Amino acid sequence: MQSSKNNVRIIDLRSDTLTQPTPEMRRAIAEAELGDDVYGEDPTVNRLEEVSARLTGKEAGLLVVSGSMGNLVSALAWAGRGDEIIVGADAHVITNEMGSVAALGGVEMRAVPNDRRGMLSPEAVRNAIRPKAGYFPRTALLWIENTHNRGNGAALSVDEMWRVTDIAHGEGIPVHIDGARLFNAAVALGVPASDLSSVADSVTFCLSKGLACPVGSMVCGSREFIGRARRARKMLGGGMRQAGIIAAAGLVALDTMIDRLAEDHDNAKRLAVGLSRMPGIAVDPAHIETNIVYVTVGGKPAPELAAAMRARGVLANSMGNWIRFVTHYGINAEDVDEALDVIGDATRATVSAG
Ligand code: TLP
């Protein structure tokens with residue numbers, strides 16, 4: 001559980017980015033062996049990069065500040081000005097990253113429809129690949145997100161991804177996975193993360209979401225790709241010095257925090273089952289595969305319900321007709337039950353009253 005404000009107990013379901021480092025992480029941070037990582041001399045960063053590469057089945061890894069920076073350096077490493085990236089319209093890189101790939105890389109994002117779970121259809125991908133003629137943009141990359149944030153945290157299997165990645169690879173086009181929550185996908189599907197990243201040429205994953213680190217994301221790929229990503233990171237001002245402070249927590253996370261993600265998934269399901277019984281709230285618990293629960297709200301706008309929840313101590317993000325709840329390390333089953341009571345109250349005061 002979280003904190004309390006004006007004697008109202010706060011249950012914060014806005015994001016798994018809110019997680020606080022574990023006591024073991026705090027100890028590891030204090031004791032980390034450090035060096036200057038721009039010289040490649042921070043032993044803790046080097047170890048984290050090696051472990052990350054191993055877990056994703058790639059040759060090399062790179063520590064970056066955030067998931068957004070991981071995505072941006074990957075895009076810059078694969079695509080140049082006037083190139084195109086095929087990506088689902090609801091991908092985080094399209095909706096939540098400030099248009100950074102277009103703004104800083106001059107790269108066009110070729111958004112194609114994705115289904116409810118964030119998956120692209122083979123037809124859409126095939127049709128979006130540009131012929132290799134002088135006047136077309138070059139299709140430089142296919143982009144997949146797994147788990148898919150706006151797709152209710154769907155965990156996309158190797159087979160599902162392979163149906164589109166195989167098309168791209170057949171045309172000589174590399175594939176990137178935004179795996180901000182790659183380990184949630186791996187745990188939900190019961191496969192090693194390296195199975196999921198095996199269909200892609202590069203992959204990012206976040207240390208600072210469900211894995212509870214204070215900062216940091218990893219980019220993994222071939223040694224040659226990581227060399228280009230490292231240059232892009234430096235260009236963006238992301239070359240860090242004694243970054244072992246960050247990496248130390250990352251190593252603890254990869255060692256101790258992956259398997260427990262299953263608890264977050266169970267709690268998300270528990271939350272969805274409770275929410276599905278409330279009038280005016282629509283969610284199908286069968287659609288909840290990991291730790292993200294989107295619901296749609298009938299009657300009053302969702303932000304109004306979210307404000308009523310907030311006044312009673314339950315925090316969740318909302319926009320238009322939806323509210324998003326994310327379970328994480330700071331939330332246990334009792335918190336979920338208490339949140340459901342509070343949301344029930346808030347619903348009676350807003351949605352049903354309207
Ligand atoms: N997502 C955040 C918000 O930006 C919405 C969240 O609370 O879920 N890829 C995916 C799939 C993400 O969900 C996120 C963060 C990122 C990339 C970016 O990571 P950060 O926040 O570390 O830049």
# chains A, B, ... in the order shown; residues from 1 in each chain; ligands from 1
$ residues_around --residues "A:Gly172" --least-positions-apart "5" --cutoff "10 Å" --atoms "only C-alpha atoms" --output "mmCIF file with all heavy atoms, in the first residue's frame"
data_model
loop_
_atom_site.group_PDB
_atom_site.id
_atom_site.type_symbol
_atom_site.label_atom_id
_atom_site.label_comp_id
_atom_site.auth_asym_id
_atom_site.auth_seq_id
_atom_site.Cartn_x
_atom_site.Cartn_y
_atom_site.Cartn_z
ATOM 1 N N THR A 139 11.134 1.898 -46.259
ATOM 2 C CA THR A 139 10.586 1.273 -45.044
ATOM 3 C C THR A 139 11.776 0.746 -44.251
ATOM 4 O O THR A 139 12.414 -0.224 -44.642
ATOM 5 C CB THR A 139 9.613 0.125 -45.395
ATOM 6 O OG1 THR A 139 8.578 0.653 -46.216
ATOM 7 C CG2 THR A 139 9.015 -0.470 -44.134
ATOM 8 N N ALA A 140 12.069 1.411 -43.129
ATOM 9 C CA ALA A 140 13.308 1.106 -42.411
ATOM 10 C C ALA A 140 13.105 0.136 -41.262
ATOM 11 O O ALA A 140 14.066 -0.493 -40.810
ATOM 12 C CB ALA A 140 13.921 2.399 -41.881
ATOM 13 N N LEU A 141 11.863 0.018 -40.754
ATOM 14 C CA LEU A 141 11.669 -0.736 -39.512
ATOM 15 C C LEU A 141 10.199 -1.104 -39.332
ATOM 16 O O LEU A 141 9.317 -0.332 -39.705
ATOM 17 C CB LEU A 141 12.110 0.154 -38.328
ATOM 18 C CG LEU A 141 12.215 -0.458 -36.937
ATOM 19 C CD1 LEU A 141 13.317 -1.517 -36.883
ATOM 20 C CD2 LEU A 141 12.515 0.640 -35.895
ATOM 21 N N ASP A 166 7.888 -12.005 -39.687
ATOM 22 C CA ASP A 166 8.411 -12.826 -40.784
ATOM 23 C C ASP A 166 8.250 -12.096 -42.125
ATOM 24 O O ASP A 166 9.107 -12.199 -43.001
ATOM 25 C CB ASP A 166 7.657 -14.164 -40.800
ATOM 26 C CG ASP A 166 8.316 -15.154 -41.737
ATOM 27 O OD1 ASP A 166 9.541 -15.335 -41.636
ATOM 28 O OD2 ASP A 166 7.604 -15.727 -42.593
ATOM 29 N N ILE A 167 7.136 -11.357 -42.248
ATOM 30 C CA ILE A 167 6.909 -10.596 -43.490
ATOM 31 C C ILE A 167 7.987 -9.521 -43.621
ATOM 32 O O ILE A 167 8.607 -9.356 -44.677
ATOM 33 C CB ILE A 167 5.498 -9.951 -43.469
ATOM 34 C CG1 ILE A 167 4.436 -11.043 -43.502
ATOM 35 C CG2 ILE A 167 5.334 -8.972 -44.625
ATOM 36 C CD1 ILE A 167 3.020 -10.541 -43.252
#
$ residues_near_ligand --ligand "ligand 1" --cutoff "6 Å" --atoms "only C-alpha atoms and all ligand atoms" --output "tab-separated table (two decimals) with N, CA and C atoms, in the first residue's frame"
chain	number	residue	atom	x	y	z
A	15	SER	N	0.01	4.04	-12.33
A	15	SER	CA	1.01	3.37	-13.19
A	15	SER	C	1.97	2.54	-12.35
A	17	THR	N	4.95	2.78	-12.96
A	17	THR	CA	6.12	3.68	-12.87
A	17	THR	C	6.25	4.27	-11.47
A	66	SER	N	15.37	6.19	-19.91
A	66	SER	CA	13.93	5.90	-19.85
A	66	SER	C	13.51	5.03	-21.03
A	67	GLY	N	12.29	4.52	-20.95
A	67	GLY	CA	11.74	3.76	-22.07
A	67	GLY	C	11.64	4.63	-23.31
A	68	SER	N	11.26	5.87	-23.12
A	68	SER	CA	11.15	6.78	-24.28
A	68	SER	C	12.51	6.97	-24.94
A	92	HIS	N	2.62	3.21	-28.01
A	92	HIS	CA	3.07	4.27	-27.08
A	92	HIS	C	3.95	5.28	-27.79
A	96	ASN	N	2.39	8.71	-26.91
A	96	ASN	CA	2.88	9.27	-25.63
A	96	ASN	C	4.34	9.70	-25.63
A	149	ASN	N	0.39	-1.53	-24.20
A	149	ASN	CA	-0.20	-0.70	-23.15
A	149	ASN	C	-1.69	-0.44	-23.44
A	178	ASP	N	9.11	-2.60	-28.66
A	178	ASP	CA	9.02	-1.78	-27.46
A	178	ASP	C	8.51	-2.70	-26.37
A	180	ALA	N	8.67	-2.31	-23.09
A	180	ALA	CA	8.68	-1.62	-21.80
A	180	ALA	C	8.29	-2.59	-20.69
$ atom_distance --atom1 "atom CA of A:Gly227" --atom2 "atom CA of A:Arg81"
19.2 Å
$ select_by_dssp --residues "stretch 88-297 of chain A" --states "strand (DSSP E or B)" --output "number ranges by chain"
A: 88, 108-112, 114, 120, 139-145, 148, 154, 175-179, 202-206, 217-221, 281-282, 292-297
$ residues_around --residues "A:Ala249" --least-positions-apart "6" --cutoff "8 Å" --atoms "only C-alpha atoms" --output "list of chain:residue names"
A:Pro21, A:Met25, A:Arg26, A:Ala28, A:Ile29, A:Cys213, A:Pro214
$ closest_residue --among "A:Asn114, A:Asn184, A:Thr204, A:Ser100" --to "A:Leu76" --atoms "only C-alpha atoms"
A:Ser100
$ closest_residue --among "A:Val158, A:Ile323, A:Ala248, A:Arg14" --to "A:Gly216" --atoms "only C-alpha atoms"
A:Ala248
$ residues_around --residues "stretch 256-272 of chain A" --least-positions-apart "2" --cutoff "8 Å" --atoms "only C-alpha atoms" --output "PyMOL selection string"
chain A and resi 183-184+187-188+210-212+252-254+274-276+283-285+288-293+326-329+331-333+336-337+340
$ write_last_selection --atoms "C-alpha atoms" --output "PDB file, in the first residue's frame"
ATOM      1  CA  PHE A 183       8.936  -9.343 -18.589  1.00  0.00           C
ATOM      2  CA  ASN A 184       5.226  -8.985 -17.844  1.00  0.00           C
ATOM      3  CA  VAL A 187       5.640 -14.141 -17.160  1.00  0.00           C
ATOM      4  CA  ALA A 188       2.048 -14.068 -18.481  1.00  0.00           C
ATOM      5  CA  GLY A 210       6.893  -3.276 -12.657  1.00  0.00           C
ATOM      6  CA  LEU A 211      10.512  -4.172 -11.861  1.00  0.00           C
ATOM      7  CA  ALA A 212      10.467  -1.254  -9.383  1.00  0.00           C
ATOM      8  CA  VAL A 252      18.714  -6.545  -8.279  1.00  0.00           C
ATOM      9  CA  ALA A 253      15.499  -6.128 -10.283  1.00  0.00           C
ATOM     10  CA  LEU A 254      16.479  -8.695 -12.893  1.00  0.00           C
ATOM     11  CA  GLY A 274     -14.807  -6.425  -9.288  1.00  0.00           C
ATOM     12  CA  LEU A 275     -15.086  -3.522 -11.725  1.00  0.00           C
ATOM     13  CA  SER A 276     -17.061  -5.604 -14.228  1.00  0.00           C
ATOM     14  CA  VAL A 283     -14.608  -4.255 -18.806  1.00  0.00           C
ATOM     15  CA  ASP A 284     -14.252  -7.908 -19.731  1.00  0.00           C
ATOM     16  CA  PRO A 285     -11.993  -9.610 -17.155  1.00  0.00           C
ATOM     17  CA  ILE A 288      -6.896  -8.816 -18.811  1.00  0.00           C
ATOM     18  CA  GLU A 289      -3.632 -10.624 -19.519  1.00  0.00           C
ATOM     19  CA  THR A 290      -1.116  -8.729 -17.387  1.00  0.00           C
ATOM     20  CA  ASN A 291      -1.185  -5.710 -15.028  1.00  0.00           C
ATOM     21  CA  ILE A 292      -3.149  -3.118 -17.023  1.00  0.00           C
ATOM     22  CA  VAL A 293      -6.920  -2.679 -16.837  1.00  0.00           C
ATOM     23  CA  VAL A 326      -2.255  -0.466 -13.303  1.00  0.00           C
ATOM     24  CA  THR A 327      -1.309  -2.921 -10.556  1.00  0.00           C
ATOM     25  CA  HIS A 328       2.248  -3.084  -9.274  1.00  0.00           C
ATOM     26  CA  TYR A 329       4.692  -3.898  -6.477  1.00  0.00           C
ATOM     27  CA  ILE A 331      -0.393  -2.892  -4.401  1.00  0.00           C
ATOM     28  CA  ASN A 332      -1.572  -6.117  -2.767  1.00  0.00           C
ATOM     29  CA  ALA A 333      -4.880  -8.013  -2.924  1.00  0.00           C
ATOM     30  CA  VAL A 336      -7.442  -4.037  -4.603  1.00  0.00           C
ATOM     31  CA  ASP A 337     -10.456  -4.970  -2.465  1.00  0.00           C
ATOM     32  CA  LEU A 340     -13.068  -1.672  -5.292  1.00  0.00           C
TER      33      LEU A 340
END
$ select_by_dssp --residues "stretch 32-255 of chain A" --states "alpha helix (DSSP H)" --output "PyMOL selection string"
chain A and resi 43-56+67-78+92-95+100-105+122-128+158-170+182-189+193-197+223-235+244-255
$ closest_atom_pairs --of "stretch 147-213 of chain A" --to "stretch 52-57 of chain A" --cutoff "8 Å" --atoms "only C-alpha atoms" --output "tab-separated table"
residue	atom	partner	partner_atom	distance
A:Pro192	CA	A:Leu55	CA	7.9
A:Ala193	CA	A:Thr56	CA	5.8
A:Ser194	CA	A:Thr56	CA	4.1
A:Asp195	CA	A:Thr56	CA	7.8
A:Ser197	CA	A:Thr56	CA	5.9
A:Ser198	CA	A:Gly57	CA	6.9
A:Val203	CA	A:Thr56	CA	7.9
$ residues_around --residues "stretch 7-12 of chain A" --least-positions-apart "2" --cutoff "10 Å" --atoms "only C-alpha atoms" --output "PDB file with N, CA, C and O atoms, in the first residue's frame"
ATOM      1  N   MET A   1       0.842  -1.201   0.000  1.00  0.00           N
ATOM      2  CA  MET A   1       0.000   0.000   0.000  1.00  0.00           C
ATOM      3  C   MET A   1       0.871   1.244   0.000  1.00  0.00           C
ATOM      4  O   MET A   1       2.048   1.200   0.232  1.00  0.00           O
ATOM      5  N   GLN A   2       0.195   2.355  -0.201  1.00  0.00           N
ATOM      6  CA  GLN A   2       0.917   3.584  -0.464  1.00  0.00           C
ATOM      7  C   GLN A   2       0.991   4.504   0.753  1.00  0.00           C
ATOM      8  O   GLN A   2       1.331   4.080   1.834  1.00  0.00           O
ATOM      9  N   SER A   3       0.579   5.722   0.560  1.00  0.00           N
ATOM     10  CA  SER A   3       0.725   6.748   1.587  1.00  0.00           C
ATOM     11  C   SER A   3      -0.655   7.194   2.050  1.00  0.00           C
ATOM     12  O   SER A   3      -1.671   6.646   1.658  1.00  0.00           O
ATOM     13  N   SER A   4      -0.694   8.213   2.892  1.00  0.00           N
ATOM     14  CA  SER A   4      -2.003   8.792   3.186  1.00  0.00           C
ATOM     15  C   SER A   4      -1.894  10.306   3.128  1.00  0.00           C
ATOM     16  O   SER A   4      -0.832  10.874   3.355  1.00  0.00           O
ATOM     17  N   LYS A   5      -3.008  10.931   2.737  1.00  0.00           N
ATOM     18  CA  LYS A   5      -3.018  12.382   2.566  1.00  0.00           C
ATOM     19  C   LYS A   5      -4.270  12.887   3.261  1.00  0.00           C
ATOM     20  O   LYS A   5      -5.366  12.393   2.983  1.00  0.00           O
ATOM     21  N   ARG A  14      -2.256   4.592 -10.763  1.00  0.00           N
ATOM     22  CA  ARG A  14      -2.027   5.330 -12.020  1.00  0.00           C
ATOM     23  C   ARG A  14      -1.045   4.606 -12.931  1.00  0.00           C
ATOM     24  O   ARG A  14      -1.200   4.593 -14.135  1.00  0.00           O
ATOM     25  N   SER A  15       0.009   4.041 -12.332  1.00  0.00           N
ATOM     26  CA  SER A  15       1.007   3.371 -13.188  1.00  0.00           C
ATOM     27  C   SER A  15       1.967   2.542 -12.347  1.00  0.00           C
ATOM     28  O   SER A  15       2.183   2.845 -11.160  1.00  0.00           O
ATOM     29  N   ASP A  16       2.584   1.561 -12.986  1.00  0.00           N
ATOM     30  CA  ASP A  16       3.660   0.811 -12.323  1.00  0.00           C
ATOM     31  C   ASP A  16       4.958   1.614 -12.322  1.00  0.00           C
ATOM     32  O   ASP A  16       5.960   1.204 -11.725  1.00  0.00           O
ATOM     33  N   LEU A  18       5.190   4.130 -10.659  1.00  0.00           N
ATOM     34  CA  LEU A  18       5.202   4.731  -9.311  1.00  0.00           C
ATOM     35  C   LEU A  18       5.928   3.872  -8.286  1.00  0.00           C
ATOM     36  O   LEU A  18       6.133   4.300  -7.146  1.00  0.00           O
ATOM     37  N   THR A  19       6.307   2.676  -8.673  1.00  0.00           N
ATOM     38  CA  THR A  19       6.929   1.763  -7.715  1.00  0.00           C
ATOM     39  C   THR A  19       8.206   2.355  -7.117  1.00  0.00           C
ATOM     40  O   THR A  19       8.968   3.037  -7.796  1.00  0.00           O
ATOM     41  N   ARG A 310     -10.572   9.876  -6.837  1.00  0.00           N
ATOM     42  CA  ARG A 310      -9.393  10.559  -6.262  1.00  0.00           C
ATOM     43  C   ARG A 310      -9.762  11.211  -4.923  1.00  0.00           C
ATOM     44  O   ARG A 310      -9.013  11.105  -3.956  1.00  0.00           O
ATOM     45  N   ALA A 311     -10.925  11.835  -4.887  1.00  0.00           N
ATOM     46  CA  ALA A 311     -11.358  12.494  -3.641  1.00  0.00           C
ATOM     47  C   ALA A 311     -11.477  11.477  -2.512  1.00  0.00           C
ATOM     48  O   ALA A 311     -11.362  11.820  -1.337  1.00  0.00           O
ATOM     49  N   ARG A 312     -11.698  10.212  -2.888  1.00  0.00           N
ATOM     50  CA  ARG A 312     -11.845   9.147  -1.878  1.00  0.00           C
ATOM     51  C   ARG A 312     -10.561   8.332  -1.707  1.00  0.00           C
ATOM     52  O   ARG A 312     -10.552   7.308  -1.035  1.00  0.00           O
ATOM     53  N   GLY A 313      -9.487   8.717  -2.422  1.00  0.00           N
ATOM     54  CA  GLY A 313      -8.191   8.098  -2.171  1.00  0.00           C
ATOM     55  C   GLY A 313      -7.707   7.073  -3.195  1.00  0.00           C
ATOM     56  O   GLY A 313      -6.645   6.492  -3.020  1.00  0.00           O
ATOM     57  N   VAL A 314      -8.476   6.858  -4.285  1.00  0.00           N
ATOM     58  CA  VAL A 314      -8.004   5.910  -5.308  1.00  0.00           C
ATOM     59  C   VAL A 314      -7.629   6.686  -6.567  1.00  0.00           C
ATOM     60  O   VAL A 314      -8.451   7.402  -7.140  1.00  0.00           O
ATOM     61  N   LEU A 315      -6.371   6.534  -6.962  1.00  0.00           N
ATOM     62  CA  LEU A 315      -5.858   7.299  -8.106  1.00  0.00           C
ATOM     63  C   LEU A 315      -5.756   6.408  -9.339  1.00  0.00           C
ATOM     64  O   LEU A 315      -5.237   5.287  -9.265  1.00  0.00           O
ATOM     65  N   ALA A 316      -6.261   6.920 -10.478  1.00  0.00           N
ATOM     66  CA  ALA A 316      -6.126   6.209 -11.753  1.00  0.00           C
ATOM     67  C   ALA A 316      -6.128   7.252 -12.858  1.00  0.00           C
ATOM     68  O   ALA A 316      -6.710   8.329 -12.692  1.00  0.00           O
ATOM     69  N   ASN A 317      -5.486   6.950 -13.978  1.00  0.00           N
ATOM     70  CA  ASN A 317      -5.472   7.895 -15.102  1.00  0.00           C
ATOM     71  C   ASN A 317      -6.727   7.739 -15.935  1.00  0.00           C
ATOM     72  O   ASN A 317      -7.244   6.627 -16.091  1.00  0.00           O
ATOM     73  N   PHE A 325      -6.271   1.493 -14.916  1.00  0.00           N
ATOM     74  CA  PHE A 325      -5.726   1.080 -13.620  1.00  0.00           C
ATOM     75  C   PHE A 325      -4.510   0.198 -13.908  1.00  0.00           C
ATOM     76  O   PHE A 325      -4.561  -0.669 -14.786  1.00  0.00           O
ATOM     77  N   VAL A 326      -3.435   0.392 -13.137  1.00  0.00           N
ATOM     78  CA  VAL A 326      -2.255  -0.466 -13.303  1.00  0.00           C
ATOM     79  C   VAL A 326      -1.872  -1.011 -11.924  1.00  0.00           C
ATOM     80  O   VAL A 326      -1.714  -0.237 -10.966  1.00  0.00           O
ATOM     81  N   THR A 327      -1.740  -2.320 -11.822  1.00  0.00           N
ATOM     82  CA  THR A 327      -1.309  -2.921 -10.556  1.00  0.00           C
ATOM     83  C   THR A 327       0.215  -3.059 -10.557  1.00  0.00           C
ATOM     84  O   THR A 327       0.839  -3.131 -11.614  1.00  0.00           O
ATOM     85  N   HIS A 328       0.781  -3.095  -9.366  1.00  0.00           N
ATOM     86  CA  HIS A 328       2.248  -3.084  -9.274  1.00  0.00           C
ATOM     87  C   HIS A 328       2.710  -3.512  -7.883  1.00  0.00           C
ATOM     88  O   HIS A 328       1.890  -3.817  -6.997  1.00  0.00           O
ATOM     89  N   GLY A 330       3.592  -2.019  -5.347  1.00  0.00           N
ATOM     90  CA  GLY A 330       3.070  -1.302  -4.171  1.00  0.00           C
ATOM     91  C   GLY A 330       1.625  -1.630  -3.855  1.00  0.00           C
ATOM     92  O   GLY A 330       1.033  -1.004  -2.969  1.00  0.00           O
ATOM     93  N   ILE A 331       1.040  -2.596  -4.552  1.00  0.00           N
ATOM     94  CA  ILE A 331      -0.393  -2.892  -4.401  1.00  0.00           C
ATOM     95  C   ILE A 331      -0.570  -4.378  -4.113  1.00  0.00           C
ATOM     96  O   ILE A 331      -0.085  -5.216  -4.889  1.00  0.00           O
ATOM     97  N   ASP A 335      -5.392  -4.173  -0.968  1.00  0.00           N
ATOM     98  CA  ASP A 335      -5.521  -2.828  -1.563  1.00  0.00           C
ATOM     99  C   ASP A 335      -6.541  -2.850  -2.698  1.00  0.00           C
ATOM    100  O   ASP A 335      -7.327  -1.920  -2.860  1.00  0.00           O
ATOM    101  N   VAL A 336      -6.500  -3.915  -3.480  1.00  0.00           N
ATOM    102  CA  VAL A 336      -7.442  -4.037  -4.603  1.00  0.00           C
ATOM    103  C   VAL A 336      -8.872  -4.072  -4.059  1.00  0.00           C
ATOM    104  O   VAL A 336      -9.753  -3.355  -4.554  1.00  0.00           O
ATOM    105  N   GLU A 338      -9.971  -2.943  -1.238  1.00  0.00           N
ATOM    106  CA  GLU A 338     -10.335  -1.635  -0.693  1.00  0.00           C
ATOM    107  C   GLU A 338     -10.613  -0.641  -1.822  1.00  0.00           C
ATOM    108  O   GLU A 338     -11.572   0.137  -1.763  1.00  0.00           O
ATOM    109  N   ALA A 339      -9.785  -0.695  -2.864  1.00  0.00           N
ATOM    110  CA  ALA A 339      -9.998   0.200  -4.016  1.00  0.00           C
ATOM    111  C   ALA A 339     -11.375  -0.066  -4.627  1.00  0.00           C
ATOM    112  O   ALA A 339     -12.099   0.867  -4.985  1.00  0.00           O
ATOM    113  N   VAL A 342     -14.044   1.645  -2.675  1.00  0.00           N
ATOM    114  CA  VAL A 342     -14.008   3.096  -2.914  1.00  0.00           C
ATOM    115  C   VAL A 342     -14.591   3.423  -4.295  1.00  0.00           C
ATOM    116  O   VAL A 342     -15.387   4.359  -4.453  1.00  0.00           O
TER     117      VAL A 342
END
$ closest_residue --among "A:Ile177, A:Ala103, A:Leu13, A:Val73" --to "A:Val87" --atoms "only C-alpha atoms"
A:Ile177
